[in-house]
>>> print(open('query_8.pdb').read())   # PDB, C-alpha atoms
ATOM      1  CA  MET A  29     -23.929  14.994  13.079  1.00  0.00           C
ATOM      2  CA  SER A  30     -21.164  12.468  13.480  1.00  0.00           C
ATOM      3  CA  THR A  31     -20.363  11.509  17.035  1.00  0.00           C
ATOM      4  CA  GLN A  32     -16.979  11.204  18.642  1.00  0.00           C
ATOM      5  CA  THR A  33     -17.388   7.417  18.822  1.00  0.00           C
ATOM      6  CA  GLU A  34     -18.153   7.229  15.087  1.00  0.00           C
ATOM      7  CA  ASN A  35     -15.095   9.372  14.345  1.00  0.00           C
ATOM      8  CA  GLU A  36     -12.897   7.141  16.497  1.00  0.00           C
ATOM      9  CA  ARG A  37     -14.215   4.023  14.763  1.00  0.00           C
ATOM     10  CA  VAL A  38     -13.522   5.456  11.322  1.00  0.00           C
ATOM     11  CA  ARG A  39     -10.012   6.582  12.312  1.00  0.00           C
ATOM     12  CA  GLY A  40      -9.292   3.197  13.858  1.00  0.00           C
ATOM     13  CA  TRP A  41     -10.600   1.349  10.820  1.00  0.00           C
ATOM     14  CA  LEU A  42      -8.457   3.478   8.514  1.00  0.00           C
ATOM     15  CA  THR A  43      -5.392   2.907  10.706  1.00  0.00           C
ATOM     16  CA  GLY A  44      -5.838  -0.822  10.236  1.00  0.00           C
ATOM     17  CA  ARG A  45      -6.856  -0.711   6.577  1.00  0.00           C
ATOM     18  CA  LEU A  46      -4.530   1.827   4.938  1.00  0.00           C
ATOM     19  CA  PRO A  47      -1.213   0.497   3.656  1.00  0.00           C
ATOM     20  CA  ALA A  48       1.505   1.518   6.139  1.00  0.00           C
ATOM     21  CA  ARG A  49       3.824   2.800   3.395  1.00  0.00           C
ATOM     22  CA  TRP A  50       1.358   5.344   1.992  1.00  0.00           C
ATOM     23  CA  PHE A  51       1.661   8.187   4.469  1.00  0.00           C
ATOM     24  CA  GLU A  52       4.174   9.676   6.876  1.00  0.00           C
ATOM     25  CA  GLY A  53       2.335   9.387  10.182  1.00  0.00           C
ATOM     26  CA  GLU A  54      -1.400   9.225  10.672  1.00  0.00           C
ATOM     27  CA  PRO A  55      -3.625  10.769   8.008  1.00  0.00           C
ATOM     28  CA  GLU A  56      -5.866  13.724   8.835  1.00  0.00           C
ATOM     29  CA  VAL A  57      -9.470  12.502   8.856  1.00  0.00           C
ATOM     30  CA  SER A  58     -12.373  14.958   8.674  1.00  0.00           C
ATOM     31  CA  ILE A  59     -15.926  13.654   8.987  1.00  0.00           C
ATOM     32  CA  ASP A  60     -19.287  15.333   8.526  1.00  0.00           C
ATOM     33  CA  ARG A  61     -22.812  14.082   7.819  1.00  0.00           C
ATOM     34  CA  ASP A  62     -22.095  13.426   4.149  1.00  0.00           C
ATOM     35  CA  GLU A  63     -18.394  12.779   3.666  1.00  0.00           C
ATOM     36  CA  ILE A  64     -15.181  11.413   5.113  1.00  0.00           C
ATOM     37  CA  LEU A  65     -12.069  13.254   3.923  1.00  0.00           C
ATOM     38  CA  VAL A  66      -8.743  11.439   4.323  1.00  0.00           C
ATOM     39  CA  VAL A  67      -5.626  13.570   3.767  1.00  0.00           C
ATOM     40  CA  GLY A  68      -2.218  11.989   4.246  1.00  0.00           C
ATOM     41  CA  THR A  69       1.254  13.476   4.190  1.00  0.00           C
ATOM     42  CA  ILE A  70       3.700  11.997   1.703  1.00  0.00           C
ATOM     43  CA  LYS A  71       7.425  12.593   1.427  1.00  0.00           C
ATOM     44  CA  ALA A  72       8.197  15.753  -0.496  1.00  0.00           C
ATOM     45  CA  PRO A  73      10.634  15.389  -3.392  1.00  0.00           C
ATOM     46  CA  GLU A  74      14.283  15.966  -2.545  1.00  0.00           C
ATOM     47  CA  GLN A  75      15.838  18.716  -4.617  1.00  0.00           C
ATOM     48  CA  ASP A  76      19.517  19.595  -4.732  1.00  0.00           C
ATOM     49  CA  GLY A  77      20.606  23.141  -3.955  1.00  0.00           C
ATOM     50  CA  GLU A  78      18.530  26.278  -4.038  1.00  0.00           C
ATOM     51  CA  VAL A  79      15.324  25.979  -6.034  1.00  0.00           C
ATOM     52  CA  SER A  80      12.652  28.551  -6.706  1.00  0.00           C
ATOM     53  CA  ALA A  81       9.241  28.376  -5.073  1.00  0.00           C
ATOM     54  CA  ALA A  82       7.738  27.608  -8.490  1.00  0.00           C
ATOM     55  CA  GLU A  83      10.119  24.679  -9.029  1.00  0.00           C
ATOM     56  CA  ARG A  84       9.488  23.314  -5.533  1.00  0.00           C
ATOM     57  CA  SER A  85       5.725  23.620  -5.992  1.00  0.00           C
ATOM     58  CA  ALA A  86       5.857  21.895  -9.384  1.00  0.00           C
ATOM     59  CA  ALA A  87       7.927  19.040  -7.921  1.00  0.00           C
ATOM     60  CA  GLU A  88       5.427  18.617  -5.081  1.00  0.00           C
ATOM     61  CA  GLU A  89       2.511  18.645  -7.523  1.00  0.00           C
ATOM     62  CA  GLY A  90       4.284  15.992  -9.589  1.00  0.00           C
ATOM     63  CA  ARG A  91       4.836  13.808  -6.516  1.00  0.00           C
ATOM     64  CA  ILE A  92       1.161  14.163  -5.564  1.00  0.00           C
ATOM     65  CA  ARG A  93       0.045  13.258  -9.097  1.00  0.00           C
ATOM     66  CA  GLN A  94       2.279  10.174  -9.035  1.00  0.00           C
ATOM     67  CA  PHE A  95       0.842   9.093  -5.678  1.00  0.00           C
ATOM     68  CA  ARG A  96      -2.687   9.596  -6.979  1.00  0.00           C
ATOM     69  CA  GLU A  97      -2.076   7.409 -10.024  1.00  0.00           C
ATOM     70  CA  ASP A  98      -0.130   4.710  -8.146  1.00  0.00           C
ATOM     71  CA  THR A  99      -2.788   4.307  -5.434  1.00  0.00           C
ATOM     72  CA  ARG A 100      -5.981   4.827  -7.446  1.00  0.00           C
ATOM     73  CA  GLU A 101      -7.267   1.232  -7.480  1.00  0.00           C
ATOM     74  CA  LYS A 102      -6.518   0.600  -3.806  1.00  0.00           C
ATOM     75  CA  ARG A 103      -8.039   3.942  -2.738  1.00  0.00           C
ATOM     76  CA  ILE A 104     -11.228   3.090  -4.645  1.00  0.00           C
ATOM     77  CA  GLU A 105     -11.387  -0.331  -2.966  1.00  0.00           C
ATOM     78  CA  ILE A 106     -10.894   1.145   0.515  1.00  0.00           C
ATOM     79  CA  ALA A 107     -13.391   3.940  -0.176  1.00  0.00           C
ATOM     80  CA  ARG A 108     -16.077   1.475  -1.286  1.00  0.00           C
ATOM     81  CA  GLU A 109     -15.659  -0.570   1.889  1.00  0.00           C
ATOM     82  CA  LEU A 110     -15.804   2.531   4.093  1.00  0.00           C
ATOM     83  CA  GLU A 111     -18.742   4.019   2.175  1.00  0.00           C
ATOM     84  CA  HIS A 112     -20.676   0.776   2.638  1.00  0.00           C
ATOM     85  CA  ALA A 113     -19.943   0.721   6.382  1.00  0.00           C
ATOM     86  CA  THR A 114     -20.693   4.395   7.088  1.00  0.00           C
ATOM     87  CA  ARG A 115     -23.153   5.464   4.365  1.00  0.00           C
ATOM     88  CA  ARG A 116     -20.885   8.449   3.634  1.00  0.00           C
ATOM     89  CA  LYS A 117     -18.831   9.310   0.575  1.00  0.00           C
ATOM     90  CA  VAL A 118     -15.055   9.107   0.945  1.00  0.00           C
ATOM     91  CA  ALA A 119     -12.728  11.759  -0.463  1.00  0.00           C
ATOM     92  CA  TRP A 120      -8.926  11.637  -0.631  1.00  0.00           C
ATOM     93  CA  GLY A 121      -6.179  14.208  -0.490  1.00  0.00           C
ATOM     94  CA  VAL A 122      -2.429  14.448  -0.035  1.00  0.00           C
ATOM     95  CA  GLN A 123       0.042  16.928   1.451  1.00  0.00           C
ATOM     96  CA  ALA A 124       3.592  17.001   0.059  1.00  0.00           C
ATOM     97  CA  GLY A 125       5.786  19.765   1.444  1.00  0.00           C
ATOM     98  CA  GLY A 126       3.772  22.968   1.191  1.00  0.00           C
ATOM     99  CA  THR A 127       1.332  21.634  -1.414  1.00  0.00           C
ATOM    100  CA  ARG A 128      -2.022  20.187  -0.401  1.00  0.00           C
ATOM    101  CA  THR A 129      -4.366  18.665  -2.981  1.00  0.00           C
ATOM    102  CA  VAL A 130      -7.779  17.093  -2.448  1.00  0.00           C
ATOM    103  CA  PHE A 131      -8.490  14.660  -5.304  1.00  0.00           C
ATOM    104  CA  THR A 132     -12.182  14.117  -4.925  1.00  0.00           C
ATOM    105  CA  SER A 133     -14.608  15.945  -2.739  1.00  0.00           C
ATOM    106  CA  LEU A 134     -18.357  15.910  -2.416  1.00  0.00           C
ATOM    107  CA  SER A 135     -20.192  19.094  -3.268  1.00  0.00           C
ATOM    108  CA  ALA A 136     -23.460  18.801  -1.369  1.00  0.00           C
ATOM    109  CA  PRO A 137     -26.431  21.007  -2.186  1.00  0.00           C
ATOM    110  CA  VAL A 138     -27.707  22.989   0.772  1.00  0.00           C
ATOM    111  CA  MET A 139     -31.121  24.590   0.702  1.00  0.00           C
ATOM    112  CA  THR A 140     -31.393  27.946   2.430  1.00  0.00           C
ATOM    113  CA  ARG A 141     -33.783  30.857   2.587  1.00  0.00           C
ATOM    114  CA  LEU A 142     -32.204  34.282   2.399  1.00  0.00           C
ATOM    115  CA  ARG A 143     -33.855  37.631   2.812  1.00  0.00           C
ATOM    116  CA  GLN A 144     -33.068  40.510   0.470  1.00  0.00           C
ATOM    117  CA  PRO A 145     -30.113  41.945   2.465  1.00  0.00           C
ATOM    118  CA  GLU A 146     -28.358  38.532   2.455  1.00  0.00           C
ATOM    119  CA  ARG A 147     -29.090  38.026  -1.257  1.00  0.00           C
ATOM    120  CA  GLN A 148     -27.673  41.492  -1.959  1.00  0.00           C
ATOM    121  CA  VAL A 149     -24.409  40.479  -0.280  1.00  0.00           C
ATOM    122  CA  LEU A 150     -24.181  37.437  -2.540  1.00  0.00           C
ATOM    123  CA  ASP A 151     -25.126  39.448  -5.624  1.00  0.00           C
ATOM    124  CA  THR A 152     -22.435  42.038  -4.821  1.00  0.00           C
ATOM    125  CA  LEU A 153     -19.824  39.280  -4.725  1.00  0.00           C
ATOM    126  CA  VAL A 154     -21.082  37.945  -8.057  1.00  0.00           C
ATOM    127  CA  ASP A 155     -21.233  41.405  -9.667  1.00  0.00           C
ATOM    128  CA  ALA A 156     -17.701  42.175  -8.450  1.00  0.00           C
ATOM    129  CA  GLY A 157     -16.373  38.966 -10.003  1.00  0.00           C
ATOM    130  CA  VAL A 158     -15.400  37.457  -6.642  1.00  0.00           C
ATOM    131  CA  ALA A 159     -17.809  34.563  -7.273  1.00  0.00           C
ATOM    132  CA  ARG A 160     -19.383  33.076 -10.397  1.00  0.00           C
ATOM    133  CA  SER A 161     -22.802  32.512  -8.855  1.00  0.00           C
ATOM    134  CA  ARG A 162     -24.793  32.933  -5.678  1.00  0.00           C
ATOM    135  CA  SER A 163     -23.845  29.376  -4.793  1.00  0.00           C
ATOM    136  CA  ASP A 164     -20.128  30.170  -5.169  1.00  0.00           C
ATOM    137  CA  ALA A 165     -20.602  33.398  -3.208  1.00  0.00           C
ATOM    138  CA  LEU A 166     -22.288  31.550  -0.349  1.00  0.00           C
ATOM    139  CA  GLY A 167     -19.451  29.005  -0.284  1.00  0.00           C
ATOM    140  CA  TRP A 168     -16.938  31.869  -0.236  1.00  0.00           C
ATOM    141  CA  CYS A 169     -18.770  33.457   2.720  1.00  0.00           C
ATOM    142  CA  VAL A 170     -18.803  30.185   4.665  1.00  0.00           C
ATOM    143  CA  LYS A 171     -15.042  29.738   4.117  1.00  0.00           C
ATOM    144  CA  LEU A 172     -14.405  33.307   5.266  1.00  0.00           C
ATOM    145  CA  VAL A 173     -16.481  32.869   8.424  1.00  0.00           C
ATOM    146  CA  ALA A 174     -14.725  29.562   9.191  1.00  0.00           C
ATOM    147  CA  GLN A 175     -11.328  31.195   8.710  1.00  0.00           C
ATOM    148  CA  HIS A 176     -12.101  34.087  11.045  1.00  0.00           C
ATOM    149  CA  SER A 177     -13.940  32.163  13.744  1.00  0.00           C
ATOM    150  CA  GLU A 178     -12.038  28.863  13.877  1.00  0.00           C
ATOM    151  CA  SER A 179     -11.336  29.028  17.616  1.00  0.00           C
ATOM    152  CA  TRP A 180     -15.013  29.710  18.372  1.00  0.00           C
ATOM    153  CA  LEU A 181     -16.104  26.849  16.099  1.00  0.00           C
ATOM    154  CA  ALA A 182     -13.573  24.538  17.803  1.00  0.00           C
ATOM    155  CA  GLU A 183     -15.031  25.441  21.215  1.00  0.00           C
ATOM    156  CA  LEU A 184     -18.534  24.785  19.913  1.00  0.00           C
ATOM    157  CA  ARG A 185     -17.548  21.366  18.523  1.00  0.00           C
ATOM    158  CA  GLU A 186     -15.871  20.475  21.814  1.00  0.00           C
ATOM    159  CA  ALA A 187     -18.989  21.458  23.751  1.00  0.00           C
ATOM    160  CA  MET A 188     -21.157  19.363  21.433  1.00  0.00           C
ATOM    161  CA  ALA A 189     -18.866  16.363  21.988  1.00  0.00           C
ATOM    162  CA  LYS A 190     -19.245  16.792  25.762  1.00  0.00           C
ATOM    163  CA  VAL A 191     -23.034  16.889  25.417  1.00  0.00           C
ATOM    164  CA  GLU A 192     -22.884  13.644  23.412  1.00  0.00           C
ATOM    165  CA  ASP A 193     -20.764  12.017  26.156  1.00  0.00           C
ATOM    166  CA  VAL A 194     -23.255  13.119  28.832  1.00  0.00           C
ATOM    167  CA  ARG A 195     -26.185  11.738  26.802  1.00  0.00           C
ATOM    168  CA  ARG A 196     -24.434   8.366  26.397  1.00  0.00           C
ATOM    169  CA  ALA A 197     -23.646   8.208  30.123  1.00  0.00           C
ATOM    170  CA  GLY A 198     -27.194   9.136  31.182  1.00  0.00           C
ATOM    171  CA  PRO A 199     -30.238   6.925  31.780  1.00  0.00           C
ATOM    172  CA  GLY A 200     -30.929   4.760  28.759  1.00  0.00           C
ATOM    173  CA  GLY A 201     -27.678   5.830  27.138  1.00  0.00           C
ATOM    174  CA  ASP A 202     -25.966   2.460  26.747  1.00  0.00           C
ATOM    175  CA  THR A 203     -22.344   3.019  25.741  1.00  0.00           C
ATOM    176  CA  ASN A 204     -22.071  -0.612  24.617  1.00  0.00           C
ATOM    177  CA  VAL A 205     -24.730  -0.433  21.911  1.00  0.00           C
ATOM    178  CA  PRO A 206     -23.030  -0.895  18.532  1.00  0.00           C
ATOM    179  CA  ASN A 207     -23.444   1.741  15.869  1.00  0.00           C
ATOM    180  CA  ASP A 208     -26.152   0.452  13.514  1.00  0.00           C
ATOM    181  CA  LYS A 209     -24.533   2.175  10.520  1.00  0.00           C
ATOM    182  CA  GLN A 210     -21.439   0.014  10.685  1.00  0.00           C
TER     183      GLN A 210
END
>>> encode(input="query_8.pdb", output="structure tokens")
Amino acid sequence: MSTQTENERVRGWLTGRLPARWFEGEPEVSIDRDEILVVGTIKAPEQDGEVSAAERSAAEEGRIRQFREDTREKRIEIARELEHATRRKVAWGVQAGGTRTVFTSLSAPVMTRLRQPERQVLDTLVDAGVARSRSDALGWCVKLVAQHSESWLAELREAMAKVEDVRRAGPGGDTNVPNDKQ
């Protein structure tokens, strides 16, 4: 589990390392055990007059594609430095207007043991064509749970951060010890 201090270090490092002209404001940075996802907002294309949703979406997708191509080499360089410092993969994404695209993202295998009733849920999703495989069905279920319990998950994450702060402040919890992964 990444700690609040690790998250702050990564965000601070990115603030200093990312070119100022890339994003409008600070990028959104999501960190887990395996990956750091950096999603920045770029200026949406200006379009004259009334345009359809399809035209607006296509313009935003074009702007995102242009950003991806223009920044590829620099993003790779920054990602390599950050991956070396944190031992995590780095993924990139961009938001332009109402369009959000993640360019690269780690798909980590997760081993789990499911009993027959849980497997039957996954198999139903596969048989109904909702998912291509049990793996896809499990991912779909996780997304659905996250969507419907986001406030509870946020409370849980906040509580875990408080526990980490208490551990650091307790006996033997030196807050000045540098992170050995960086």
>>> atom_distance(input="query_8.pdb", atom1="CA of Thr114 (chain A)", atom2="CA of Lys102 (chain A)")
18.3 Å
>>> residues_around(input="query_8.pdb", residues="region 167-177 of chain A", least_positions_apart="3", cutoff="10 Å", atoms="all atoms listed in the file", output="MDAnalysis selection string")
chainID A and resid 149:150 153 158:159 161:164 180:182
>>> residues_around(input="query_8.pdb", residues="Glu54 (chain A)", least_positions_apart="3", cutoff="12 Å", atoms="all atoms listed in the file", output="list in words")
Arg39, Gly40, Leu42, Thr43, Gly44, Leu46, Pro47, Ala48, Arg49, Trp50, Phe51, Val57, Val66, Val67, Gly68, Thr69, Ile70 and Val122 of chain A
>>> closest_residue(input="query_8.pdb", among="A:Pro137, A:Pro55, A:Gly198, A:Gly125", to="Ser85 (chain A)", atoms="only C-alpha atoms")
A:Gly125
>>> atom_distance(input="query_8.pdb", atom1="CA of Ala81 (chain A)", atom2="CA of Val130 (chain A)")
20.6 Å
>>> atom_distance(input="query_8.pdb", atom1="CA of Gln123 (chain A)", atom2="CA of Ile92 (chain A)")
7.6 Å
>>> axis_aligned_box(input="query_8.pdb", around="region 45-59 of chain A", padding_each_side="5 Å", output="AutoDock Vina command-line options")
--center_x -5.9 --center_y 7.1 --center_z 6.3 --size_x 30.1 --size_y 25.7 --size_z 18.7
>>> resolve_selection(input="query_8.pdb", expression="the PyMOL selection byres ((chain A and resi 115) around 12)", output="ChimeraX atom specification")
/A:30,34,38,59-64,107-114,116-118,208-210
>>> write_last_selection(input="query_8.pdb", atoms="C-alpha atoms", output="compact mmCIF listing (two decimals), keeping the file's coordinate frame")
# COMPACT_ATOMS: atom_id res chain seq x y z
CA SER A 30 -21.16 12.47 13.48
CA GLU A 34 -18.15 7.23 15.09
CA VAL A 38 -13.52 5.46 11.32
CA ILE A 59 -15.93 13.65 8.99
CA ASP A 60 -19.29 15.33 8.53
CA ARG A 61 -22.81 14.08 7.82
CA ASP A 62 -22.10 13.43 4.15
CA GLU A 63 -18.39 12.78 3.67
CA ILE A 64 -15.18 11.41 5.11
CA ALA A 107 -13.39 3.94 -0.18
CA ARG A 108 -16.08 1.48 -1.29
CA GLU A 109 -15.66 -0.57 1.89
CA LEU A 110 -15.80 2.53 4.09
CA GLU A 111 -18.74 4.02 2.17
CA HIS A 112 -20.68 0.78 2.64
CA ALA A 113 -19.94 0.72 6.38
CA THR A 114 -20.69 4.39 7.09
CA ARG A 116 -20.88 8.45 3.63
CA LYS A 117 -18.83 9.31 0.57
CA VAL A 118 -15.06 9.11 0.94
CA ASP A 208 -26.15 0.45 13.51
CA LYS A 209 -24.53 2.17 10.52
CA GLN A 210 -21.44 0.01 10.68
>>> residues_around(input="query_8.pdb", residues="Gln94 (chain A)", least_positions_apart="4", cutoff="12 Å", atoms="all atoms listed in the file", output="mmCIF file with C-alpha atoms, in the frame of the given file")
data_model
loop_
_atom_site.group_PDB
_atom_site.id
_atom_site.type_symbol
_atom_site.label_atom_id
_atom_site.label_comp_id
_atom_site.auth_asym_id
_atom_site.auth_seq_id
_atom_site.Cartn_x
_atom_site.Cartn_y
_atom_site.Cartn_z
ATOM 1 C CA ILE A 70 3.700 11.997 1.703
ATOM 2 C CA LYS A 71 7.425 12.593 1.427
ATOM 3 C CA ALA A 72 8.197 15.753 -0.496
ATOM 4 C CA PRO A 73 10.634 15.389 -3.392
ATOM 5 C CA ALA A 87 7.927 19.040 -7.921
ATOM 6 C CA GLU A 88 5.427 18.617 -5.081
ATOM 7 C CA GLU A 89 2.511 18.645 -7.523
ATOM 8 C CA GLY A 90 4.284 15.992 -9.589
ATOM 9 C CA ASP A 98 -0.130 4.710 -8.146
ATOM 10 C CA THR A 99 -2.788 4.307 -5.434
ATOM 11 C CA ARG A 100 -5.981 4.827 -7.446
ATOM 12 C CA VAL A 122 -2.429 14.448 -0.035
ATOM 13 C CA ALA A 124 3.592 17.001 0.059
#
>>> closest_residue(input="query_8.pdb", among="A:Ser80, A:Arg45, A:Ile104, A:Ser179", to="Phe131 (chain A)", atoms="all atoms listed in the file")
A:Ile104
>>> build_atoms(input="query_8.pdb", residues="region 50-60 of chain A", atoms="all heavy atoms", output="PDB file, in the frame of the given file")
ATOM      1  N   TRP A  50       1.955   4.224   2.719  1.00  0.00           N
ATOM      2  CA  TRP A  50       1.358   5.344   1.992  1.00  0.00           C
ATOM      3  C   TRP A  50       1.712   6.694   2.576  1.00  0.00           C
ATOM      4  O   TRP A  50       2.089   7.603   1.846  1.00  0.00           O
ATOM      5  CB  TRP A  50      -0.163   5.212   1.971  1.00  0.00           C
ATOM      6  CG  TRP A  50      -0.690   4.378   0.843  1.00  0.00           C
ATOM      7  CD1 TRP A  50       0.023   3.561   0.010  1.00  0.00           C
ATOM      8  CD2 TRP A  50      -2.046   4.260   0.455  1.00  0.00           C
ATOM      9  NE1 TRP A  50      -0.816   2.949  -0.876  1.00  0.00           N
ATOM     10  CE2 TRP A  50      -2.093   3.357  -0.624  1.00  0.00           C
ATOM     11  CE3 TRP A  50      -3.222   4.816   0.918  1.00  0.00           C
ATOM     12  CZ2 TRP A  50      -3.288   3.021  -1.257  1.00  0.00           C
ATOM     13  CZ3 TRP A  50      -4.402   4.476   0.292  1.00  0.00           C
ATOM     14  CH2 TRP A  50      -4.434   3.587  -0.792  1.00  0.00           C
ATOM     15  N   PHE A  51       1.542   6.869   3.874  1.00  0.00           N
ATOM     16  CA  PHE A  51       1.661   8.187   4.469  1.00  0.00           C
ATOM     17  C   PHE A  51       2.722   8.237   5.550  1.00  0.00           C
ATOM     18  O   PHE A  51       2.998   7.235   6.197  1.00  0.00           O
ATOM     19  CB  PHE A  51       0.320   8.626   5.091  1.00  0.00           C
ATOM     20  CG  PHE A  51      -0.833   8.639   4.129  1.00  0.00           C
ATOM     21  CD1 PHE A  51      -1.999   7.956   4.418  1.00  0.00           C
ATOM     22  CD2 PHE A  51      -0.764   9.345   2.935  1.00  0.00           C
ATOM     23  CE1 PHE A  51      -3.071   7.976   3.536  1.00  0.00           C
ATOM     24  CE2 PHE A  51      -1.827   9.369   2.049  1.00  0.00           C
ATOM     25  CZ  PHE A  51      -2.985   8.677   2.355  1.00  0.00           C
ATOM     26  N   GLU A  52       3.283   9.432   5.744  1.00  0.00           N
ATOM     27  CA  GLU A  52       4.174   9.676   6.876  1.00  0.00           C
ATOM     28  C   GLU A  52       3.278  10.018   8.060  1.00  0.00           C
ATOM     29  O   GLU A  52       2.626  11.057   8.073  1.00  0.00           O
ATOM     30  CB  GLU A  52       5.120  10.843   6.567  1.00  0.00           C
ATOM     31  CG  GLU A  52       6.093  10.550   5.446  1.00  0.00           C
ATOM     32  CD  GLU A  52       7.025  11.723   5.177  1.00  0.00           C
ATOM     33  OE1 GLU A  52       6.679  12.882   5.501  1.00  0.00           O
ATOM     34  OE2 GLU A  52       8.101  11.471   4.635  1.00  0.00           O
ATOM     35  N   GLY A  53       3.200   9.155   9.032  1.00  0.00           N
ATOM     36  CA  GLY A  53       2.335   9.387  10.182  1.00  0.00           C
ATOM     37  C   GLY A  53       0.884   9.080   9.873  1.00  0.00           C
ATOM     38  O   GLY A  53       0.546   8.531   8.823  1.00  0.00           O
ATOM     39  N   GLU A  54       0.033   9.456  10.812  1.00  0.00           N
ATOM     40  CA  GLU A  54      -1.400   9.225  10.672  1.00  0.00           C
ATOM     41  C   GLU A  54      -2.011  10.238   9.706  1.00  0.00           C
ATOM     42  O   GLU A  54      -1.651  11.409   9.738  1.00  0.00           O
ATOM     43  CB  GLU A  54      -2.090   9.363  12.039  1.00  0.00           C
ATOM     44  CG  GLU A  54      -1.687   8.308  13.046  1.00  0.00           C
ATOM     45  CD  GLU A  54      -2.191   6.931  12.678  1.00  0.00           C
ATOM     46  OE1 GLU A  54      -3.357   6.807  12.261  1.00  0.00           O
ATOM     47  OE2 GLU A  54      -1.404   5.976  12.800  1.00  0.00           O
ATOM     48  N   PRO A  55      -2.953   9.806   8.880  1.00  0.00           N
ATOM     49  CA  PRO A  55      -3.625  10.769   8.008  1.00  0.00           C
ATOM     50  C   PRO A  55      -4.580  11.649   8.802  1.00  0.00           C
ATOM     51  O   PRO A  55      -5.061  11.276   9.870  1.00  0.00           O
ATOM     52  CB  PRO A  55      -4.399   9.884   7.028  1.00  0.00           C
ATOM     53  CG  PRO A  55      -4.634   8.621   7.771  1.00  0.00           C
ATOM     54  CD  PRO A  55      -3.447   8.448   8.685  1.00  0.00           C
ATOM     55  N   GLU A  56      -4.853  12.822   8.279  1.00  0.00           N
ATOM     56  CA  GLU A  56      -5.866  13.724   8.835  1.00  0.00           C
ATOM     57  C   GLU A  56      -7.214  13.219   8.331  1.00  0.00           C
ATOM     58  O   GLU A  56      -7.386  13.007   7.130  1.00  0.00           O
ATOM     59  CB  GLU A  56      -5.587  15.137   8.318  1.00  0.00           C
ATOM     60  CG  GLU A  56      -6.613  16.161   8.641  1.00  0.00           C
ATOM     61  CD  GLU A  56      -6.343  17.457   7.894  1.00  0.00           C
ATOM     62  OE1 GLU A  56      -5.167  17.836   7.725  1.00  0.00           O
ATOM     63  OE2 GLU A  56      -7.336  18.090   7.455  1.00  0.00           O
ATOM     64  N   VAL A  57      -8.155  13.005   9.231  1.00  0.00           N
ATOM     65  CA  VAL A  57      -9.470  12.502   8.856  1.00  0.00           C
ATOM     66  C   VAL A  57     -10.526  13.502   9.320  1.00  0.00           C
ATOM     67  O   VAL A  57     -10.621  13.801  10.507  1.00  0.00           O
ATOM     68  CB  VAL A  57      -9.744  11.111   9.484  1.00  0.00           C
ATOM     69  CG1 VAL A  57     -11.117  10.596   9.083  1.00  0.00           C
ATOM     70  CG2 VAL A  57      -8.661  10.114   9.084  1.00  0.00           C
ATOM     71  N   SER A  58     -11.289  14.021   8.368  1.00  0.00           N
ATOM     72  CA  SER A  58     -12.373  14.958   8.674  1.00  0.00           C
ATOM     73  C   SER A  58     -13.686  14.287   8.291  1.00  0.00           C
ATOM     74  O   SER A  58     -13.808  13.747   7.191  1.00  0.00           O
ATOM     75  CB  SER A  58     -12.223  16.247   7.862  1.00  0.00           C
ATOM     76  OG  SER A  58     -10.985  16.844   8.114  1.00  0.00           O
ATOM     77  N   ILE A  59     -14.661  14.344   9.208  1.00  0.00           N
ATOM     78  CA  ILE A  59     -15.926  13.654   8.987  1.00  0.00           C
ATOM     79  C   ILE A  59     -17.076  14.620   9.222  1.00  0.00           C
ATOM     80  O   ILE A  59     -17.098  15.342  10.217  1.00  0.00           O
ATOM     81  CB  ILE A  59     -16.053  12.448   9.945  1.00  0.00           C
ATOM     82  CG1 ILE A  59     -14.869  11.494   9.757  1.00  0.00           C
ATOM     83  CG2 ILE A  59     -17.375  11.720   9.730  1.00  0.00           C
ATOM     84  CD1 ILE A  59     -14.795  10.388  10.780  1.00  0.00           C
ATOM     85  N   ASP A  60     -18.038  14.620   8.297  1.00  0.00           N
ATOM     86  CA  ASP A  60     -19.287  15.333   8.526  1.00  0.00           C
ATOM     87  C   ASP A  60     -20.438  14.396   8.179  1.00  0.00           C
ATOM     88  O   ASP A  60     -20.236  13.201   8.005  1.00  0.00           O
ATOM     89  CB  ASP A  60     -19.341  16.669   7.770  1.00  0.00           C
ATOM     90  CG  ASP A  60     -19.446  16.540   6.265  1.00  0.00           C
ATOM     91  OD1 ASP A  60     -19.643  15.420   5.740  1.00  0.00           O
ATOM     92  OD2 ASP A  60     -19.352  17.569   5.576  1.00  0.00           O
TER      93      ASP A  60
END
